[in-house]
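Asker: What follows is final.cif, made up of mmCIF, C-alpha atoms and all ligand atoms:
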```cif
data_coords
#
loop_
_atom_site.label_atom_id
_atom_site.label_comp_id
_atom_site.auth_asym_id
_atom_site.auth_seq_id
_atom_site.Cartn_x
_atom_site.Cartn_y
_atom_site.Cartn_z
CA MET I 25 123.00 123.20 179.20
CA THR I 26 122.49 126.26 181.36
CA THR I 27 120.14 126.31 184.33
CA ARG I 28 117.51 128.32 182.42
CA ALA I 29 117.80 126.31 179.22
CA VAL I 30 114.92 126.28 176.78
CA THR I 31 113.67 122.71 176.95
CA ASP I 32 110.67 122.62 174.68
CA VAL I 33 109.54 124.25 171.41
CA ARG I 34 106.00 123.42 170.21
CA THR I 35 104.10 124.80 167.24
CA GLY I 36 100.39 124.96 166.37
CA VAL I 37 98.42 126.04 163.31
CA TYR I 38 94.99 127.69 163.67
CA ARG I 39 92.76 128.68 160.78
CA PHE I 40 90.01 131.26 161.31
CA PRO I 41 87.56 131.69 158.41
CA THR I 42 86.42 135.24 157.74
CA PRO I 43 82.64 135.89 157.98
CA VAL I 44 82.53 136.70 154.26
CA GLU I 45 85.15 136.79 151.53
CA GLU I 46 87.39 139.82 152.04
CA ALA I 47 89.61 141.74 149.63
CA ASP I 48 91.81 144.80 149.38
CA GLY I 49 93.15 146.35 146.18
CA THR I 50 95.46 143.49 145.27
CA PHE I 51 94.55 140.38 147.31
CA THR I 52 91.51 138.27 148.26
CA TRP I 53 91.17 135.92 151.27
CA ASN I 54 88.59 133.90 153.18
CA ALA I 55 90.57 132.85 156.26
CA THR I 56 93.46 133.93 158.49
CA THR I 57 96.06 131.40 159.67
CA ALA I 58 97.86 131.92 162.98
CA VAL I 59 101.03 129.88 163.58
CA THR I 60 101.83 129.66 167.29
CA VAL I 61 105.05 128.79 169.11
CA GLN I 62 105.32 127.83 172.76
CA VAL I 63 108.74 127.69 174.38
CA SER I 64 109.41 126.43 177.89
CA ALA I 65 112.14 126.70 180.53
CA GLU I 66 112.04 125.76 184.22
CA GLY I 67 108.39 124.79 183.86
CA VAL I 68 107.41 128.25 182.57
CA THR I 69 106.00 128.71 179.05
CA GLY I 70 106.15 131.67 176.66
CA LEU I 71 103.85 132.15 173.68
CA GLY I 72 104.40 133.77 170.31
CA TRP I 73 102.62 133.68 166.99
CA THR I 74 102.66 135.01 163.46
CA TYR I 75 100.01 135.37 160.77
CA SER I 76 101.35 133.19 158.00
CA ALA I 77 100.83 129.72 156.50
CA GLY I 78 101.26 126.23 157.96
CA ALA I 79 104.64 126.17 156.22
CA ALA I 80 105.94 128.52 158.92
CA ALA I 81 105.23 125.82 161.53
CA ALA I 82 107.04 123.24 159.40
CA LEU I 83 110.00 125.62 159.14
CA ILE I 84 110.11 126.08 162.92
CA ASP I 85 109.73 122.36 163.63
CA GLY I 86 112.26 121.28 161.01
CA GLN I 87 114.88 124.04 161.13
CA LEU I 88 114.57 126.42 164.08
CA ALA I 89 113.50 124.39 167.13
CA ASP I 90 116.87 122.65 167.41
CA VAL I 91 118.65 126.02 167.23
CA VAL I 92 116.65 127.38 170.18
CA ARG I 93 116.48 124.26 172.37
CA GLY I 94 119.19 124.18 175.03
CA ARG I 95 119.96 127.91 174.80
CA ASP I 96 119.81 130.22 177.84
CA ALA I 97 116.24 131.54 177.96
CA PHE I 98 117.54 134.96 179.06
CA ASP I 99 119.72 135.40 175.98
CA VAL I 100 116.95 136.33 173.52
CA PRO I 101 119.16 138.46 171.22
CA GLY I 102 121.66 135.57 171.07
CA ALA I 103 118.86 133.22 170.02
CA TRP I 104 117.75 135.78 167.42
CA GLU I 105 121.25 135.81 165.90
CA ALA I 106 121.50 132.02 165.92
CA VAL I 107 118.10 131.61 164.25
CA HIS I 108 118.91 134.29 161.68
CA ARG I 109 122.16 132.53 160.78
CA ALA I 110 120.29 129.23 160.42
CA GLY I 111 118.30 130.87 157.61
CA ARG I 112 121.28 131.83 155.50
CA ASN I 113 120.68 129.32 152.70
CA LEU I 114 116.88 129.43 152.92
CA GLY I 115 116.62 133.21 152.70
CA THR I 116 116.02 135.13 155.92
CA ARG I 117 113.02 137.22 154.78
CA GLY I 118 109.37 136.50 153.98
CA LEU I 119 108.20 133.18 155.41
CA PHE I 120 111.44 132.68 157.32
CA ALA I 121 111.14 136.10 158.98
CA GLN I 122 107.55 135.29 159.97
CA ALA I 123 108.66 132.01 161.57
CA GLN I 124 111.55 133.76 163.32
CA SER I 125 109.17 136.48 164.55
CA ALA I 126 106.92 133.95 166.28
CA VAL I 127 109.93 132.32 167.97
CA ASP I 128 111.38 135.66 169.11
CA ILE I 129 108.05 136.81 170.58
CA ALA I 130 107.69 133.51 172.46
CA LEU I 131 111.22 133.82 173.88
CA TRP I 132 110.67 137.40 175.09
CA ASP I 133 107.39 136.35 176.70
CA LEU I 134 109.18 133.43 178.39
CA LYS I 135 111.96 135.67 179.72
CA ALA I 136 109.52 138.20 181.18
CA ARG I 137 107.52 135.40 182.83
CA LEU I 138 110.69 133.89 184.31
CA LEU I 139 111.44 137.37 185.72
CA ASP I 140 107.79 137.77 186.74
CA VAL I 141 107.49 141.21 185.10
CA PRO I 142 105.23 142.59 182.36
CA LEU I 143 107.00 142.54 179.01
CA ALA I 144 106.25 146.26 178.51
CA ASP I 145 108.27 146.98 181.66
CA LEU I 146 111.12 144.74 180.53
CA PHE I 147 111.33 146.79 177.30
CA GLY I 148 110.95 150.10 179.19
CA ARG I 149 107.35 151.30 179.31
CA VAL I 150 106.74 154.94 178.36
CA ARG I 151 102.93 154.77 178.25
CA GLY I 152 100.11 152.77 179.78
CA ARG I 153 97.75 153.09 176.84
CA VAL I 154 98.54 152.36 173.19
CA PRO I 155 96.43 154.41 170.74
CA VAL I 156 94.82 152.42 167.93
CA TYR I 157 93.00 153.17 164.70
CA GLY I 158 90.11 151.13 163.33
CA SER I 159 91.11 149.22 160.20
CA GLY I 160 89.21 147.08 157.71
CA GLY I 161 86.82 148.59 155.18
CA PHE I 162 87.45 145.85 152.63
CA THR I 163 86.57 146.49 148.99
CA THR I 164 84.13 143.54 149.18
CA LEU I 165 81.94 145.21 151.82
CA ASP I 166 78.64 146.85 150.96
CA HIS I 167 77.57 150.10 152.59
CA GLU I 168 75.77 148.36 155.46
CA GLN I 169 78.77 146.15 156.28
CA LEU I 170 81.08 149.18 156.27
CA ALA I 171 78.63 150.99 158.54
CA GLU I 172 78.80 148.05 161.00
CA GLN I 173 82.61 148.23 161.14
CA VAL I 174 82.63 152.00 161.61
CA ALA I 175 80.02 151.68 164.38
CA TRP I 176 82.24 149.09 166.12
CA TRP I 177 85.29 151.39 165.89
CA ARG I 178 83.30 154.37 167.16
CA SER I 179 81.95 152.29 170.06
CA VAL I 180 85.50 151.68 171.35
CA GLY I 181 86.57 155.29 170.85
CA CYS I 182 88.71 155.11 167.68
CA ARG I 183 89.50 158.62 166.41
CA ALA I 184 91.13 157.41 163.19
CA MET I 185 89.79 154.86 160.69
CA LYS I 186 91.20 153.20 157.59
CA ILE I 187 89.59 151.55 154.58
CA LYS I 188 90.99 149.68 151.60
CA ILE I 189 91.06 151.36 148.19
CA GLY I 190 92.84 150.52 144.92
CA GLU I 191 90.07 148.01 144.18
CA SER I 192 90.87 145.51 141.41
CA TRP I 193 94.41 146.86 140.97
CA GLY I 194 93.21 150.42 140.57
CA ARG I 195 90.48 149.71 138.03
CA ARG I 196 87.64 150.98 140.28
CA ALA I 197 89.00 154.42 141.17
CA ASP I 198 85.57 156.08 141.08
CA ARG I 199 84.20 153.56 143.58
CA ASP I 200 87.34 154.02 145.74
CA LEU I 201 86.63 157.75 146.11
CA GLU I 202 82.91 157.14 146.60
CA ARG I 203 83.73 154.81 149.50
CA VAL I 204 86.01 157.42 151.09
CA HIS I 205 83.00 159.79 150.98
CA GLN I 206 80.93 157.06 152.67
CA LEU I 207 83.57 156.68 155.37
CA ARG I 208 83.51 160.44 156.07
CA ASP I 209 79.71 160.38 156.36
CA LEU I 210 79.71 157.31 158.62
CA ALA I 211 82.70 158.25 160.78
CA GLY I 212 81.91 161.93 161.37
CA ASP I 213 84.03 165.03 161.06
CA ASP I 214 86.03 164.34 164.22
CA VAL I 215 87.67 161.19 162.82
CA ALA I 216 90.95 161.14 160.86
CA LEU I 217 90.48 159.38 157.52
CA MET I 218 93.06 156.86 156.36
CA VAL I 219 93.26 154.73 153.20
CA ASP I 220 95.38 151.79 152.07
CA ALA I 221 95.78 150.96 148.38
CA ASN I 222 98.04 147.93 149.00
CA GLY I 223 100.17 148.96 146.03
CA GLY I 224 97.23 148.86 143.63
CA TYR I 225 97.86 152.08 141.67
CA SER I 226 100.42 153.05 139.07
CA PRO I 227 102.57 156.10 140.00
CA GLY I 228 100.62 158.56 137.83
CA GLN I 229 97.28 157.21 139.00
CA ALA I 230 98.43 157.44 142.61
CA ARG I 231 99.28 161.14 142.11
CA ARG I 232 95.82 161.88 140.69
CA ILE I 233 93.96 159.81 143.31
CA GLY I 234 96.18 161.29 146.02
CA SER I 235 95.26 164.80 144.94
CA ALA I 236 91.55 163.91 145.23
CA LEU I 237 92.21 162.35 148.66
CA ASP I 238 93.94 165.55 149.77
CA ASP I 239 90.79 167.46 148.82
CA LEU I 240 88.72 165.00 150.89
CA GLY I 241 90.91 165.63 153.92
CA VAL I 242 92.47 162.17 154.01
CA THR I 243 95.60 162.27 156.20
CA TRP I 244 97.12 158.81 155.56
CA PHE I 245 97.75 157.20 152.15
CA GLU I 246 99.27 153.76 152.65
CA GLU I 247 101.10 151.93 149.86
CA PRO I 248 99.70 154.12 147.07
CA VAL I 249 102.09 152.19 144.83
CA THR I 250 104.09 149.04 145.51
CA SER I 251 106.57 149.47 148.33
CA ASP I 252 109.03 147.34 146.36
CA ASP I 253 110.10 150.62 144.73
CA PRO I 254 110.74 153.21 147.48
CA GLU I 255 111.63 155.86 144.87
CA ASP I 256 108.02 156.02 143.64
CA LEU I 257 106.82 156.41 147.25
CA ARG I 258 109.42 159.14 147.82
CA LEU I 259 108.21 161.11 144.78
CA LEU I 260 104.58 160.89 145.93
CA ARG I 261 105.59 162.02 149.40
CA GLY I 262 106.99 165.15 147.79
CA VAL I 263 103.77 166.18 146.00
CA LEU I 264 100.90 165.08 148.29
CA ARG I 265 99.71 166.65 151.53
CA CYS I 266 98.59 163.36 153.11
CA ASP I 267 101.17 161.23 154.88
CA ILE I 268 102.67 158.41 152.83
CA ALA I 269 102.99 155.21 154.85
CA ALA I 270 104.51 151.80 154.12
CA GLY I 271 106.58 149.11 155.80
CA GLU I 272 104.27 146.17 156.49
CA TYR I 273 106.49 143.76 154.53
CA VAL I 274 109.77 144.91 156.10
CA ALA I 275 111.71 141.87 157.32
CA ASP I 276 114.85 143.47 158.76
CA VAL I 277 116.80 146.70 159.31
CA TYR I 278 118.10 146.72 155.74
CA GLU I 279 114.60 146.79 154.28
CA ALA I 280 113.52 149.37 156.85
CA GLY I 281 116.52 151.47 155.84
CA HIS I 282 115.33 151.54 152.22
CA LEU I 283 111.97 153.00 153.25
CA ILE I 284 112.80 155.61 155.87
CA THR I 285 113.42 158.41 153.35
CA ALA I 286 110.31 157.44 151.35
CA VAL I 287 107.57 157.58 154.02
CA ASP I 288 106.15 159.99 156.59
CA CYS I 289 105.43 157.17 159.05
CA LEU I 290 107.11 153.75 159.04
CA GLN I 291 104.87 150.74 159.53
CA LEU I 292 106.39 147.72 161.23
CA ASP I 293 104.83 144.34 161.95
CA VAL I 294 106.17 142.30 164.89
CA THR I 295 104.95 139.11 163.20
CA ARG I 296 107.03 139.80 160.07
CA CYS I 297 110.12 141.87 160.92
CA GLY I 298 111.87 139.53 163.35
CA GLY I 299 109.61 139.72 166.39
CA TYR I 300 110.13 142.19 169.21
CA THR I 301 113.91 142.16 168.68
CA GLY I 302 113.57 143.09 165.02
CA TRP I 303 110.75 145.59 165.58
CA LEU I 304 112.72 147.59 168.12
CA ARG I 305 115.81 147.63 165.88
CA CYS I 306 113.81 148.86 162.88
CA ALA I 307 112.00 151.39 165.09
CA ALA I 308 115.37 152.81 166.17
CA LEU I 309 116.16 153.49 162.49
CA ALA I 310 112.88 155.37 162.16
CA ALA I 311 113.68 157.41 165.27
CA ALA I 312 117.08 158.34 163.85
CA ALA I 313 115.31 159.61 160.70
CA GLY I 314 112.83 161.66 162.76
CA LEU I 315 109.90 159.40 161.87
CA GLN I 316 107.12 157.92 163.92
CA VAL I 317 106.25 154.21 163.77
CA SER I 318 102.84 152.60 163.39
CA GLY I 319 102.29 148.96 164.36
CA HIS I 320 100.85 146.93 161.48
CA CYS I 321 98.08 144.44 162.38
CA ALA I 322 98.43 141.87 165.23
CA PRO I 323 97.23 144.48 167.78
CA SER I 324 97.52 142.25 170.90
CA LEU I 325 101.13 141.35 170.13
CA HIS I 326 102.19 144.94 169.48
CA VAL I 327 101.22 146.22 172.92
CA PRO I 328 104.49 145.50 174.82
CA VAL I 329 106.80 147.19 172.27
CA ALA I 330 104.32 149.94 171.33
CA ALA I 331 104.15 150.79 175.04
CA ALA I 332 107.94 151.15 175.09
CA LEU I 333 108.50 153.28 171.96
CA PRO I 334 108.47 157.08 172.42
CA GLU I 335 108.08 157.58 168.63
CA LEU I 336 104.90 155.49 168.37
CA ARG I 337 102.03 157.00 166.38
CA HIS I 338 99.50 154.19 166.76
CA VAL I 339 98.74 150.51 166.28
CA GLU I 340 96.38 149.11 163.66
CA TRP I 341 93.26 147.53 165.17
CA PHE I 342 92.60 145.31 162.15
CA VAL I 343 89.13 143.75 162.16
CA ASP I 344 90.22 140.20 161.24
CA HIS I 345 92.78 140.12 164.05
CA ALA I 346 90.60 142.04 166.54
CA ARG I 347 87.98 139.35 165.98
CA LEU I 348 90.23 136.28 166.17
CA GLU I 349 92.80 137.16 168.84
CA PRO I 350 90.32 136.76 171.74
CA LEU I 351 89.44 133.33 170.27
CA LEU I 352 93.09 132.27 169.96
CA VAL I 353 94.28 133.46 173.37
CA ASP I 354 93.06 134.28 176.85
CA GLY I 355 94.17 137.67 178.14
CA ALA I 356 94.07 139.64 174.86
CA PRO I 357 94.11 143.36 175.75
CA SER I 358 90.90 145.29 175.17
CA VAL I 359 90.40 148.65 173.47
CA GLU I 360 88.92 151.39 175.65
CA GLY I 361 88.74 155.05 174.73
CA GLY I 362 90.58 154.42 171.48
CA ALA I 363 93.57 152.72 173.11
CA LEU I 364 94.78 149.25 174.02
CA VAL I 365 95.28 149.06 177.75
CA VAL I 366 98.73 147.82 178.77
CA GLY I 367 98.28 145.03 181.30
CA SER I 368 100.19 144.24 184.48
CA SER I 369 100.46 140.44 184.10
CA PRO I 370 103.88 138.83 183.58
CA GLY I 371 105.02 138.55 179.95
CA HIS I 372 102.55 139.83 177.38
CA GLY I 373 99.83 138.35 179.56
CA MET I 374 98.35 136.03 176.93
CA THR I 375 98.11 132.23 176.89
CA LEU I 376 96.65 129.85 174.31
CA SER I 377 92.93 129.55 174.84
CA GLU I 378 91.44 126.07 175.40
CA GLY I 379 88.71 127.02 172.98
CA ALA I 380 91.29 127.62 170.24
CA ALA I 381 91.41 123.84 169.69
CA GLN I 382 88.30 124.01 167.52
CA TRP I 383 90.22 126.16 165.02
CA GLU I 384 93.35 124.00 165.01
CA VAL I 385 94.47 122.49 161.74
CA SER I 386 95.55 118.88 162.29
MG MG N 401 98.56 147.86 154.44
#
```
Reformat the file's structure so that it appears as structure tokens.

Answerer:
Amino acid sequence: MTTRAVTDVRTGVYRFPTPVEEADGTFTWNATTAVTVQVSAEGVTGLGWTYSAGAAAALIDGQLADVVRGRDAFDVPGAWEAVHRAGRNLGTRGLFAQAQSAVDIALWDLKARLLDVPLADLFGRVRGRVPVYGSGGFTTLDHEQLAEQVAWWRSVGCRAMKIKIGESWGRRADRDLERVHQLRDLAGDDVALMVDANGGYSPGQARRIGSALDDLGVTWFEEPVTSDDPEDLRLLRGVLRCDIAAGEYVADVYEAGHLITAVDCLQLDVTRCGGYTGWLRCAALAAAAGLQVSGHCAPSLHVPVAAALPELRHVEWFVDHARLEPLLVDGAPSVEGGALVVGSSPGHGMTLSEGAAQWEVS
């Protein structure tokens, strides 16, 4: 045991119902589950979480806690390697990567708190404000509900907004384009339009829809086809004017490496790609390919690394997470003038909220 040994690893599962059923092109949901991890050393506690399923907490409790306990709290990359190796026979991606992400974020938060510095400064802050874009626009929303979201994004200064298209696996293409028109009318001419098909179109359909989106002035076409096949993304990138974006399911540098020649902007999610350690490694690959990075979802958690990445384009201010993060934690950063403000508190500045107990799954 070292003097700064991690002594405690505790998990929690919190389920936040959505106000109404929500859907994108290829998935429907009515709640978001946050799996939290708290790690302690010398009486100081760090917090991390991922958006996943309760199974991620079981994985941490049963497989990962023992790997982390007793390790030097300052050796976060060493803990990352040890946890990654512990996943060899389970598979290190998907659910495992989400569990590992929560642990890694908690350990970085703990280290920064032990040092009494903001996590953004520990990583090397290059900016004090992290630009965001408004994101939501589910296919289940009616015009009035979309108008409410757009009004919210405008009220906090978002200059870029994204809606879901690819409804019903691409079977409602006319409605998709009609809703992009609605977004332009609601958002105004000074807002960059972005869409996300969540892999709902076939390659040929994506070319035809993409051409119509180009005519509508859309600048961002996310997962026009499944990102499981980077070659199809690469071909679309060659024929469309809008940027092709993907990367939200990337779990490690190898998966990031498959995408960097297929996209114009690489998306990375700290709650899925191995936490802050994994995010910064994948972001370095993007930088080497001359690409910018956009943070996927989990806006509060992205702030420390987004503040430290010169090649950052923006972070996704996703309505479900923007709504629930202030309920889950105290100290969630706010959006002002279209940007998340980087705080000056030690760590990432967030602690589990007492009020979160009412959302906890027992
Ligand atoms: Mg997406």

Asker: Using all atoms listed in the file, I'd like a table of the residues in chain I that come within 9 Å of ligand MG 401 (chain N); for each, show the closest atom pair and its distance in Å rounded to one decimal, ordered by chain and ascending number, as a Markdown table.

Answerer:
```
| residue | atom | partner | partner_atom | distance |
| --- | --- | --- | --- | --- |
| I:Asp48 | CA | N:MG401 | MG | 9.0 |
| I:Lys188 | CA | N:MG401 | MG | 8.3 |
| I:Val219 | CA | N:MG401 | MG | 8.8 |
| I:Asp220 | CA | N:MG401 | MG | 5.6 |
| I:Ala221 | CA | N:MG401 | MG | 7.4 |
| I:Asn222 | CA | N:MG401 | MG | 5.5 |
| I:Gly223 | CA | N:MG401 | MG | 8.6 |
| I:Glu246 | CA | N:MG401 | MG | 6.2 |
| I:Glu247 | CA | N:MG401 | MG | 6.6 |
| I:Ala269 | CA | N:MG401 | MG | 8.6 |
| I:Ala270 | CA | N:MG401 | MG | 7.1 |
| I:Gly271 | CA | N:MG401 | MG | 8.2 |
| I:Glu272 | CA | N:MG401 | MG | 6.3 |
| I:Tyr273 | CA | N:MG401 | MG | 8.9 |
| I:Gln291 | CA | N:MG401 | MG | 8.6 |
| I:His320 | CA | N:MG401 | MG | 7.5 |
| I:Cys321 | CA | N:MG401 | MG | 8.7 |
```

Asker: Would you mind exporting C-alpha atoms of the selected residues as a compact mmCIF listing (two decimals), in the coordinates of the input?

Answerer:
```txt
# COMPACT_ATOMS: atom_id res chain seq x y z
CA ASP I 48 91.81 144.80 149.38
CA LYS I 188 90.99 149.68 151.60
CA VAL I 219 93.26 154.73 153.20
CA ASP I 220 95.38 151.79 152.07
CA ALA I 221 95.78 150.96 148.38
CA ASN I 222 98.04 147.93 149.00
CA GLY I 223 100.17 148.96 146.03
CA GLU I 246 99.27 153.76 152.65
CA GLU I 247 101.10 151.93 149.86
CA ALA I 269 102.99 155.21 154.85
CA ALA I 270 104.51 151.80 154.12
CA GLY I 271 106.58 149.11 155.80
CA GLU I 272 104.27 146.17 156.49
CA TYR I 273 106.49 143.76 154.53
CA GLN I 291 104.87 150.74 159.53
CA HIS I 320 100.85 146.93 161.48
CA CYS I 321 98.08 144.44 162.38
```

Asker: List every residue of segment 254-354 of chain I that has an atom at most 8 Å from any atom of segment 140-148 of chain I, giving for each one its closest atom pair and the distance in Å to one decimal, counting only C-alpha atoms, sorted by chain and then by ascending residue number, as JSON lines.

Answerer:
```
{"residue": "I:Val327", "atom": "CA", "partner": "I:Ala144", "partner_atom": "CA", "distance": 7.5}
{"residue": "I:Pro328", "atom": "CA", "partner": "I:Ala144", "partner_atom": "CA", "distance": 4.2}
{"residue": "I:Val329", "atom": "CA", "partner": "I:Ala144", "partner_atom": "CA", "distance": 6.3}
{"residue": "I:Ala331", "atom": "CA", "partner": "I:Ala144", "partner_atom": "CA", "distance": 6.1}
{"residue": "I:Ala332", "atom": "CA", "partner": "I:Gly148", "partner_atom": "CA", "distance": 5.2}
```

Asker: Give the answer as one residue: which of I:Arg261, I:Thr164, I:Pro155, I:Ala184 has the shortest atom-to-atom distance to Ser358 of chain I, using all atoms listed in the file?

Answerer: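 Closest to Ser358 of chain I, using all atoms listed in the file: I:Pro155.
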
Asker: Would you give the centre and edge lengths, in Å to one decimal, of a box along x, y and z around the listed atoms of segment 62-81 of chain I, with 4 Å added to each side, as JSON?

Answerer:
```
{"center_x": 106.1, "center_y": 130.1, "center_z": 170.2, "size_x": 20.1, "size_y": 18.6, "size_z": 36.0}
```

Asker: List as a list of chain:residue names the protein and nucleic acid residues near Asp166 of chain I, meaning an atom at most 10 Å away when all atoms listed in the file are counted, but skip any in the same chain fewer than 5 places from it.

Answerer: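 Those residues are I:Gly161, I:Ala171, I:Arg203.
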
Asker: Looking at I:Gly190, I:Val33, I:Val215, I:Pro41, which one is nearest to Trp383 of chain I, with distances taken over all atoms listed in the file?

Answerer: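 Of I:Gly190, I:Val33, I:Val215, I:Pro41, the one nearest Trp383 of chain I, counting all atoms listed in the file, is I:Pro41.
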
Asker: From the list I:Cys306, I:Ala280, I:Val63, I:Val44, which residue is nearest Leu165 of chain I when using all atoms listed in the file?

Answerer: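 Ranking I:Cys306, I:Ala280, I:Val63, I:Val44 by distance to Leu165 of chain I, first place goes to I:Val44.
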
Asker: How many Å separate atom CA of Leu71 of chain I from atom CA of His372 of chain I?

Answerer: 8.6 Å

Asker: Would you pick out the contacts of Pro248 of chain I at 12 Å or less, using only C-alpha atoms, so that residues sharing its chain but fewer than 6 positions from it are not included, and give the list as a ChimeraX atom specification?

Answerer: /I:49-50,188-191,193-194,218-235,237,254,256-261,264,266-270,286-287

Asker: With only C-alpha atoms as the atoms that count, which of I:Ala346, I:Val150, I:Val274, I:Ala47 lies nearest to Val359 of chain I?

Answerer: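 Ranking I:Ala346, I:Val150, I:Val274, I:Ala47 by distance to Val359 of chain I, first place goes to I:Ala346.
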
Asker: What is the distance, in Å and to one decimal place, between atom CA of Val154 of chain I and atom CA of Ile284 of chain I?

Answerer: 22.7 Å

Asker: State, in Å with one decimal place, the distance from atom CA of Glu340 of chain I to atom CA of Pro323 of chain I.

Answerer: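 Straight-line distance from atom CA of Glu340 of chain I to atom CA of Pro323 of chain I works out to 6.3 Å.
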